[in-house]
Structure formats: structure tokens, C-alpha cells
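Trainee: Right, I'll just put the structure down here and ask away after.
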Amino acid sequence: MADPKKPRPAFAPWDRRELPGAFTVEETARRVGHYKWVEMRLFETLGGWVATVPELDVKMRLGTHCYKHAWHSELWHKRLPELREMNPERLTQPANDELVAFMDALAQPEAPDQTIEKLVGVYRVLIPHKIAAYTYHLNNTSTITDAPTIRSLKLVLNDEFEDWRDGEMLIQSLLESEEEVRRAADHQARLELLMIKAGGVAGPGSIGSMDVAAVPA
């Protein structure tokens with residue numbers, strides 16, 4: 001007969017999960033605050049472009065995507081108070097000044113003839129980096145203690161992959177000459193260098209590496 005007073009393990013013998021995830025409560029809150037800031041900035045940027053982009057198909061797609069990012073920001077905002085008694089506004093901030101510089105450069109193409117640069121910055125640079133950071137976070141969570149965060153990450157990642165596909169198809173439909181291909185590549189390279197300096201959307205350690213690669217000035 002089993003001894004009811006004998007301590008039992010947290011999980012059944014066939015369940016090999018570990019209770020804690022890789023991130024502390026404070027680290028999770030810090031990352032989520034950075035995510036919220038990026039999502040809101042992206043919402044504002046895409047929303048501003050909708051009025052000026054001349055291509056109707058691009059305008060419609062940006063209008064759809066920008067409100068997804070507003071919703072993502074709300075998701076992250078709701079996660080912050082649940083993590084601990086923390087001030088969501090204090091935590092809603094960029095990872096560092098370099099990330100602010102990146103987002104400023106992302107939003108810089110404003111002229112009607114710069115649709116290629118707009119799309120490249122979002123769909124070939126920022127969203128892939130967001131997917132990488134969110135995936136890393138998801139892979140280092142605990143299915144027991146981080147269940148709400150896991151759900152938010154999965155919902156957001158589903159949107160990000162769909163938008164990434166849409167954006168890449170739009171870019172390919174716009175690249176019709178060697179000059180346009182060079183414009184796209186040059187703009188992507190400039191933004192990638194800025195993102196490297198920032199260390200990713202959540203700063204150094206966004207995808208696990210704690211060192212920002214040295215980038216020449």
C-alpha cells in the first residue's frame with residue numbers, strides 16, 4: 001500500500017518537463033516590455049505609411065498588418081501586470097538607444113516612391129528579427145509556469161509568419177529591375193547593421209548570445 005505521507009515528484013515518471021523556464025520573472029518582464037515597445041512603434045509606422053503609399057494592394061495589406069501589431073502590443077501589455085506587481089509603463093521601453101536608432105531608420109523612408117524601402121525594412125529585417133526573438137523566448141519557457149506567455153507568443157508568431165509571407169510576396173512583385181534590386185539590398189544592409197548594434201529587438205541576448213557583434217562605425 002502506498003504511503004500517503006511519502007513525498008511525490010511534481011510530475012509523473014513519464015513526464016520529463018522541468019518546472020522553471022530559462023528566464024526569471026524580472027527577465028521575462030524586461031523582454032515583454034521591449035516587445036510591447038517595438039510592436040507599438042511598428043503599428044505607428046505602418047499606420048503612417050498607409051496614407052502615403054500609392055500602390056493600392058500594398059496600402060490594403062499594410063492597413064491589415066498595422067492593427068495586428070497594435071493587438072500584439074495589447075497582448076504584451078496584459079502580460080506585464082500578471083508577471084508581478086510591476087509598472088507596465090516603466091517596463092514599456094526600448095532595449096537600448098541603438099534599437100531606437102534602428103526604428104527611426106526603419107520609419108525614415110516616407111516618399112511615395114520608396115515603397116520598396118518601406119517593405120524591405122519591415123519584412124526582410126524587423127519581422128525576421130522579431131520571429132527569431134519570439135521563437136527563442138518560446139523555446140526557453142516552462143509549459144507549467146509560463147503558460148500564458150507561451151499562448152501569447154504562439155498567437156503573435158502565427159501573425160508574424162503570415163505577415164512575413166505577405167510582405168515578401170509584395171516585395172518580389174515590386175522588384176522589376178536591377179536598380180530596384182540594388183535599392184532593396186542596400187537598404188536591408190543598412191538596417192541589418194543597425195540591428196546588430198542593438199543586439200536584436202530585446203537587446204543583447206535576444207536569441208541567446210550575450211555579446212553584440214562588433215560593427216565598424
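Chain lettering (A, B, ...) mirrors the order of the C-alpha cells, residue numbering begins at 1 for each chain separately, and ligand numbering begins at 1 in order of display.
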Skipping near chain neighbours, those fewer than 5 positions away, what residues fall within 9 Å of range 173-184 of chain A using only C-alpha atoms, listed as a PyMOL selection string?
Mentor: chain A and resi 115-117+119-121+168+189
Trainee: Pick out the residues sitting within 8 Å of Leu157 in chain A, and hand them over as a PyMOL selection string; count only C-alpha atoms, and ignore anything fewer than 2 positions along from it in its own chain.
Mentor: chain A and resi 131+134-135+153-155+159-161
Trainee: Create the file for the chosen residues now, containing N, CA and C atoms and written as a PDB file, in the first residue's frame.
Mentor:
```
ATOM      1  N   ILE A 131      10.639  37.381 -35.177  1.00  0.00           N
ATOM      2  CA  ILE A 131      10.363  35.945 -35.171  1.00  0.00           C
ATOM      3  C   ILE A 131      11.472  35.194 -34.444  1.00  0.00           C
ATOM      4  N   TYR A 134      11.143  35.956 -30.594  1.00  0.00           N
ATOM      5  CA  TYR A 134       9.958  35.300 -30.029  1.00  0.00           C
ATOM      6  C   TYR A 134      10.136  33.781 -29.981  1.00  0.00           C
ATOM      7  N   THR A 135      10.754  33.224 -31.024  1.00  0.00           N
ATOM      8  CA  THR A 135      10.975  31.776 -31.048  1.00  0.00           C
ATOM      9  C   THR A 135      11.957  31.361 -29.966  1.00  0.00           C
ATOM     10  N   LEU A 153       2.930  34.158 -27.136  1.00  0.00           N
ATOM     11  CA  LEU A 153       3.991  34.004 -28.124  1.00  0.00           C
ATOM     12  C   LEU A 153       3.498  33.242 -29.350  1.00  0.00           C
ATOM     13  N   LYS A 154       2.732  32.190 -29.131  1.00  0.00           N
ATOM     14  CA  LYS A 154       2.241  31.401 -30.264  1.00  0.00           C
ATOM     15  C   LYS A 154       1.258  32.199 -31.119  1.00  0.00           C
ATOM     16  N   LEU A 155       0.385  32.948 -30.479  1.00  0.00           N
ATOM     17  CA  LEU A 155      -0.561  33.780 -31.230  1.00  0.00           C
ATOM     18  C   LEU A 155       0.176  34.831 -32.061  1.00  0.00           C
ATOM     19  N   ASP A 159       0.789  35.304 -36.443  1.00  0.00           N
ATOM     20  CA  ASP A 159       0.606  36.535 -37.223  1.00  0.00           C
ATOM     21  C   ASP A 159       1.892  36.929 -37.938  1.00  0.00           C
ATOM     22  N   GLU A 160       3.007  36.825 -37.228  1.00  0.00           N
ATOM     23  CA  GLU A 160       4.280  37.277 -37.805  1.00  0.00           C
ATOM     24  C   GLU A 160       4.649  36.463 -39.042  1.00  0.00           C
ATOM     25  N   PHE A 161       4.464  35.146 -38.974  1.00  0.00           N
ATOM     26  CA  PHE A 161       4.787  34.314 -40.131  1.00  0.00           C
ATOM     27  C   PHE A 161       3.869  34.637 -41.305  1.00  0.00           C
TER      28      PHE A 161
END
```
Trainee: Pick out the residues sitting within 7 Å of range 37-45 of chain A, and hand them over as a list in words; count only C-alpha atoms, and ignore anything fewer than 2 positions along from it in its own chain.
Mentor: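 The filter keeps Gly33, His34, Tyr35, Gly47, Gly48, Trp49, Cys66, Tyr67, His69, Ala70, His72, Ser73, Thr92, Gln93, Pro94 and Ala107 of chain A.
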Trainee: May I have all residues of chain A that DSSP, computed from the backbone, assigns to alpha helix (DSSP H), given as a ChimeraX atom specification?
Mentor: /A:25-50,56-83,88-91,97-107,115-120,127-139,147-174,178-198
Trainee: For Glu74 in chain A, which residue among A:Val50, A:Ile196, A:Val32, A:Ala101 is the nearest when counting only C-alpha atoms?
Mentor: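 Among A:Val50, A:Ile196, A:Val32, A:Ala101, it is A:Val32 that comes nearest to Glu74 in chain A.
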Trainee: Compare A:Asp186, A:Lys197, A:Pro112, A:Ala22 by their minimum atom-to-atom distance to Ala51 in chain A, counting only C-alpha atoms, and give me the closest one.
Mentor: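 Counting only C-alpha atoms, the residue closest to Ala51 in chain A is A:Pro112.
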Trainee: Kindly indicate which residue among A:His187, A:Ser206, A:Asp104, A:Gly21 lies nearest to Thr143 in chain A, using only C-alpha atoms for the distances.
Mentor: A:Gly21
Trainee: Please report, as a tab-separated table, each residue of range 21-135 of chain A lying at most 8 Å from range 144-152 of chain A, together with the nearest pair of atoms and the separation in Å rounded to one decimal; use only C-alpha atoms, and order rows by chain and ascending residue number.
Mentor:
```
residue	atom	partner	partner_atom	distance
A:Gly21	CA	A:Asp146	CA	7.4
A:Leu75	CA	A:Ser152	CA	6.7
A:Trp76	CA	A:Ser152	CA	7.7
A:Arg79	CA	A:Thr149	CA	7.1
```
Trainee: Which of these, A:Pro109, A:Pro88, A:Gly167, A:Gly205, has the shortest distance to Ile127 in chain A once you count only C-alpha atoms?
Mentor: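 Of A:Pro109, A:Pro88, A:Gly167, A:Gly205, the one nearest Ile127 in chain A, counting only C-alpha atoms, is A:Gly167.
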